Amino acid sequence: MKSVHKQNATIYGILFAISSGHFINDILQAVVPAMFPIIEKSLQLSYTQIGWIAFALNMTSSLLQPVFGFYADKKSRPYLLPLGMLSSLVGLVGFALSGHFLWIILSVLFIGFGSAIFHPEGSRVAYMAAGQRRGLAQSIYQVGGNTGQSLAPIITAFIFVPFGQKGALWFSIAAIFGMLVLLKVSKWYSERVKETEAIKIRDNKTFSSKPSPIHNKIKWAMVLVVFLVFARSWYGAGLSNYYQFYLIEDYGLSIKKAQAYIFAFMFAGVLGTFLGGPLADRFGKRNIIFFSMLGAAPLTLALPYLPLEIVFPVIFCIGFIISSSFSVIVVYAQELLPKKIGMVSGLTVGFAFGMGAVGAVLFGGLADLYSIRFVMILCSFLPLLGMLTFLLPTDEMVRKLNH
């Protein structure tokens with residue numbers, strides 16, 4: 001009975017530790033887009049080249065996350081967590097010292113590789129430490145990452161504008177601290193895996209019967225979930241990577257002032273991510289996913305045409321609404337495929353979300369070919385794809401399909 005109770009308990013110390021690791025991992029990633037306005041001038045880069053840098057970073061992490069997740073589902077490797085942080089540290093140092101476009105690309109590949117290792121295992125730790133409170137646990141874990149990402153504009157305004165590209169070296173301190181935190185998490189993770197295996201052996205569950213086939217409705221629902229995150233990530237990529245240039249070119253703002261608007265969007269996303277879990281518990285996961293996409297659409301459609309005075313509150317609302325399903329959609333996907341937590345987390349947090357990298361390259365090319373304004377107008381239509389949420393099975397149906 002004690003072992004069962006321990007397995008079902010919510011372990012907040014581990015949740016906050018893995019959330020802090022997520023925070024540091026994502027702040028290291030945030031250094032890259034935060035540097036765009038600086039290296040665009042210092043290295044004379046085009047918008048297309050900036051898009052390729054974002055592509056290299058996000059595609060490395062997005063394509064490899066499901067691979068590491070699939071691998072972790074078969075055999076857990078707890079100490080991959082600090083190893084991923086080490087890879088990001090190597091990439092960060094290279095990024096700070098690179099003076100050529102190709103060296104920048106190589107450096108961000110290391111950062112992306114580190115993130116690919118971290119995210120699936122981080123999601124597994126959050127799932128294992130959640131007990132009966134999976135929605136809350138996933139919110140705590142995801143808020144760490146979203147907070148790290150939201151600091152990109154602050155990093156630009158207060159570190160990179162005064163210190164330039166080498167200011168990125170300051171974040172190596174955070175990476176080393178992150179490795180120490182993750183070493184402790186890995187120790188707990190390793191012990192929990194051993195306990196779980198011991199319980200399976202005790203209960204004669206090690207050699208279970210052939211797993212039941214996945215229902216076709218579950219498969220199609222998973223495909224649709226990935227597509228919805230894909231669409232949302234394209235909008236996020238357009239806004240976080242290029243809206244600062246739109247503010248500079250069309251509104252005449254300085255680099256420093258433009259960052260305040262990007263920060264408002266990202267910080268609102270942190271709040272939306274955290275509150276989305278409790279809202280989903282009350283109103284249903286599918287309903288929150290629908291609201292987060294289609295509810296933001298009127299505001300995203302209006303954003304490119306608004307006077308500067310009301311851009312701030314509108315972009316804040318967009319960030320809050322569109323991020324309210326961030327943790328919810330991960331939990332929804334985990335409930336679709338409860339025996340493939342690592343792979344599902346890699347698909348939703350990694351592959352689909354990271355496919356915004358493709359959007360970053362496309363939007364960069366379109367900005368060079370047409371204009372930044374054209375790209376912002378194009379992005380504004382993406383949340384309308386949220387109408388497809390109606391095709392997802394309800395929360396009750398998901399439970400029935402898995403029993």
# chains A, B, ... in the order shown; residues from 1 in each chain; ligands from 1

call {"tool": "residues_around", "arguments": {"residues": "segment 145-155 of chain A", "least_positions_apart": "4", "cutoff": "6 Å", "atoms": "only C-alpha atoms", "output": "list in words"}}
result
His22, Phe23, Asp26, Ile27, Ala30, Ala34, Ile159, Gln259, Phe263, Met266, Phe267 and Val270 of chain A

call {"tool": "residues_around", "arguments": {"residues": "segment 180-188 of chain A", "least_positions_apart": "4", "cutoff": "8 Å", "atoms": "only C-alpha atoms", "output": "ChimeraX atom specification"}}
result
/A:14,17-18,21,78-79,81-82,176,192

call {"tool": "select_by_dssp", "arguments": {"residues": "segment 26-269 of chain A", "states": "alpha helix (DSSP H)", "output": "ChimeraX atom specification"}}
result
/A:26-42,47-74,80-97,101-129,134-150,152-155,161-163,171-202,216-250,255-269

call {"tool": "residues_around", "arguments": {"residues": "Gly386 of chain A", "least_positions_apart": "3", "cutoff": "7 Å", "atoms": "only C-alpha atoms", "output": "mmCIF file with C-alpha atoms, in the first residue's frame"}}
result
data_model
loop_
_atom_site.group_PDB
_atom_site.id
_atom_site.type_symbol
_atom_site.label_atom_id
_atom_site.label_comp_id
_atom_site.auth_asym_id
_atom_site.auth_seq_id
_atom_site.Cartn_x
_atom_site.Cartn_y
_atom_site.Cartn_z
ATOM 1 C CA LEU A 228 -3.342 22.048 -34.648
ATOM 2 C CA PHE A 290 -10.974 25.161 -29.445
ATOM 3 C CA MET A 293 -7.324 28.889 -31.402
ATOM 4 C CA LEU A 294 -10.596 30.321 -32.638
ATOM 5 C CA PRO A 383 -5.745 30.676 -35.883
ATOM 6 C CA THR A 389 -10.965 21.150 -33.207
#

call {"tool": "closest_residue", "arguments": {"among": "A:Leu299, A:Ile39, A:Ile341, A:Ala258", "to": "Tyr71 of chain A", "atoms": "only C-alpha atoms"}}
result
A:Ile341

call {"tool": "closest_residue", "arguments": {"among": "A:Ser254, A:Ser115, A:Thr394, A:Thr60", "to": "Ser87 of chain A", "atoms": "only C-alpha atoms"}}
result
A:Ser115

call {"tool": "closest_residue", "arguments": {"among": "A:Met387, A:Leu169, A:Ile310, A:Leu336", "to": "Asn287 of chain A", "atoms": "only C-alpha atoms"}}
result
A:Met387

call {"tool": "closest_residue", "arguments": {"among": "A:Met376, A:Ala231, A:Leu106, A:Leu15", "to": "Thr348 of chain A", "atoms": "only C-alpha atoms"}}
result
A:Ala231

call {"tool": "residues_around", "arguments": {"residues": "Phe265 of chain A", "least_positions_apart": "3", "cutoff": "12 Å", "atoms": "only C-alpha atoms", "output": "ChimeraX atom specification"}}
result
/A:146-147,149-153,235-236,239-241,243-244,258-262,268-272,300,311-323

call {"tool": "residues_around", "arguments": {"residues": "Gly91 of chain A", "least_positions_apart": "6", "cutoff": "12 Å", "atoms": "only C-alpha atoms", "output": "number ranges by chain"}}
result
A: 25, 28-29, 31-32, 57, 84-85, 97-98, 103-115, 168-169, 171-172, 175

call {"tool": "atom_distance", "arguments": {"atom1": "atom CA of His215 of chain A", "atom2": "atom CA of Asp395 of chain A"}}
result
15.2 Å

call {"tool": "residues_around", "arguments": {"residues": "segment 129-137 of chain A", "least_positions_apart": "2", "cutoff": "8 Å", "atoms": "only C-alpha atoms", "output": "list in words"}}
result
Gln7, Asn8, Ala9, Thr10, Ile11, Tyr12, Ile14, Leu15, Val125, Ala126, Tyr127, Ser139, Ile140, Tyr141, Gly277, Pro278, Asp281, Ser327, Val328 and Val331 of chain A

call {"tool": "write_last_selection", "arguments": {"atoms": "N, CA and C atoms", "output": "PDB file, in the first residue's frame"}}
result
ATOM      1  N   GLN A   7       3.564   6.100  -5.397  1.00  0.00           N
ATOM      2  CA  GLN A   7       3.477   6.240  -6.845  1.00  0.00           C
ATOM      3  C   GLN A   7       2.411   7.259  -7.232  1.00  0.00           C
ATOM      4  N   ASN A   8       1.335   7.374  -6.433  1.00  0.00           N
ATOM      5  CA  ASN A   8       0.224   8.263  -6.758  1.00  0.00           C
ATOM      6  C   ASN A   8       0.373   9.667  -6.178  1.00  0.00           C
ATOM      7  N   ALA A   9       1.387   9.893  -5.352  1.00  0.00           N
ATOM      8  CA  ALA A   9       1.570  11.204  -4.721  1.00  0.00           C
ATOM      9  C   ALA A   9       2.139  12.200  -5.727  1.00  0.00           C
ATOM     10  N   THR A  10       1.724  13.455  -5.580  1.00  0.00           N
ATOM     11  CA  THR A  10       2.267  14.535  -6.404  1.00  0.00           C
ATOM     12  C   THR A  10       3.527  15.060  -5.726  1.00  0.00           C
ATOM     13  N   ILE A  11       4.659  14.981  -6.420  1.00  0.00           N
ATOM     14  CA  ILE A  11       5.949  15.336  -5.826  1.00  0.00           C
ATOM     15  C   ILE A  11       6.352  16.728  -6.340  1.00  0.00           C
ATOM     16  N   TYR A  12       5.966  17.754  -5.572  1.00  0.00           N
ATOM     17  CA  TYR A  12       6.141  19.129  -6.016  1.00  0.00           C
ATOM     18  C   TYR A  12       7.608  19.536  -6.113  1.00  0.00           C
ATOM     19  N   ILE A  14      10.158  17.788  -7.148  1.00  0.00           N
ATOM     20  CA  ILE A  14      10.666  17.354  -8.456  1.00  0.00           C
ATOM     21  C   ILE A  14      10.021  18.168  -9.576  1.00  0.00           C
ATOM     22  N   LEU A  15       8.714  18.452  -9.441  1.00  0.00           N
ATOM     23  CA  LEU A  15       8.027  19.243 -10.472  1.00  0.00           C
ATOM     24  C   LEU A  15       8.653  20.630 -10.624  1.00  0.00           C
ATOM     25  N   VAL A 125       9.416  12.997 -16.655  1.00  0.00           N
ATOM     26  CA  VAL A 125       9.611  13.288 -15.232  1.00  0.00           C
ATOM     27  C   VAL A 125       8.365  13.973 -14.669  1.00  0.00           C
ATOM     28  N   ALA A 126       7.825  14.960 -15.406  1.00  0.00           N
ATOM     29  CA  ALA A 126       6.617  15.652 -14.953  1.00  0.00           C
ATOM     30  C   ALA A 126       5.448  14.681 -14.823  1.00  0.00           C
ATOM     31  N   TYR A 127       5.328  13.765 -15.765  1.00  0.00           N
ATOM     32  CA  TYR A 127       4.253  12.761 -15.733  1.00  0.00           C
ATOM     33  C   TYR A 127       4.415  11.835 -14.531  1.00  0.00           C
ATOM     34  N   SER A 139       1.207  21.854 -16.330  1.00  0.00           N
ATOM     35  CA  SER A 139       1.225  23.320 -16.332  1.00  0.00           C
ATOM     36  C   SER A 139       2.482  23.845 -15.646  1.00  0.00           C
ATOM     37  N   ILE A 140       2.823  23.260 -14.486  1.00  0.00           N
ATOM     38  CA  ILE A 140       4.033  23.684 -13.766  1.00  0.00           C
ATOM     39  C   ILE A 140       5.261  23.479 -14.649  1.00  0.00           C
ATOM     40  N   TYR A 141       5.325  22.313 -15.299  1.00  0.00           N
ATOM     41  CA  TYR A 141       6.472  22.004 -16.161  1.00  0.00           C
ATOM     42  C   TYR A 141       6.552  22.951 -17.361  1.00  0.00           C
ATOM     43  N   GLY A 277      -4.582  24.788 -17.667  1.00  0.00           N
ATOM     44  CA  GLY A 277      -4.823  23.494 -17.029  1.00  0.00           C
ATOM     45  C   GLY A 277      -6.053  23.491 -16.132  1.00  0.00           C
ATOM     46  N   PRO A 278      -6.130  24.431 -15.136  1.00  0.00           N
ATOM     47  CA  PRO A 278      -7.331  24.498 -14.296  1.00  0.00           C
ATOM     48  C   PRO A 278      -8.611  24.776 -15.087  1.00  0.00           C
ATOM     49  N   ASP A 281      -9.749  21.572 -16.611  1.00  0.00           N
ATOM     50  CA  ASP A 281     -10.379  20.695 -15.625  1.00  0.00           C
ATOM     51  C   ASP A 281     -11.851  21.069 -15.426  1.00  0.00           C
ATOM     52  N   SER A 327      -0.355  23.587 -22.327  1.00  0.00           N
ATOM     53  CA  SER A 327      -0.205  22.382 -21.502  1.00  0.00           C
ATOM     54  C   SER A 327      -1.388  21.443 -21.677  1.00  0.00           C
ATOM     55  N   VAL A 328      -2.555  22.001 -21.981  1.00  0.00           N
ATOM     56  CA  VAL A 328      -3.786  21.207 -22.116  1.00  0.00           C
ATOM     57  C   VAL A 328      -3.668  20.215 -23.269  1.00  0.00           C
ATOM     58  N   VAL A 331      -1.521  17.187 -22.347  1.00  0.00           N
ATOM     59  CA  VAL A 331      -2.232  16.225 -21.499  1.00  0.00           C
ATOM     60  C   VAL A 331      -3.289  15.470 -22.319  1.00  0.00           C
TER      61      VAL A 331
END
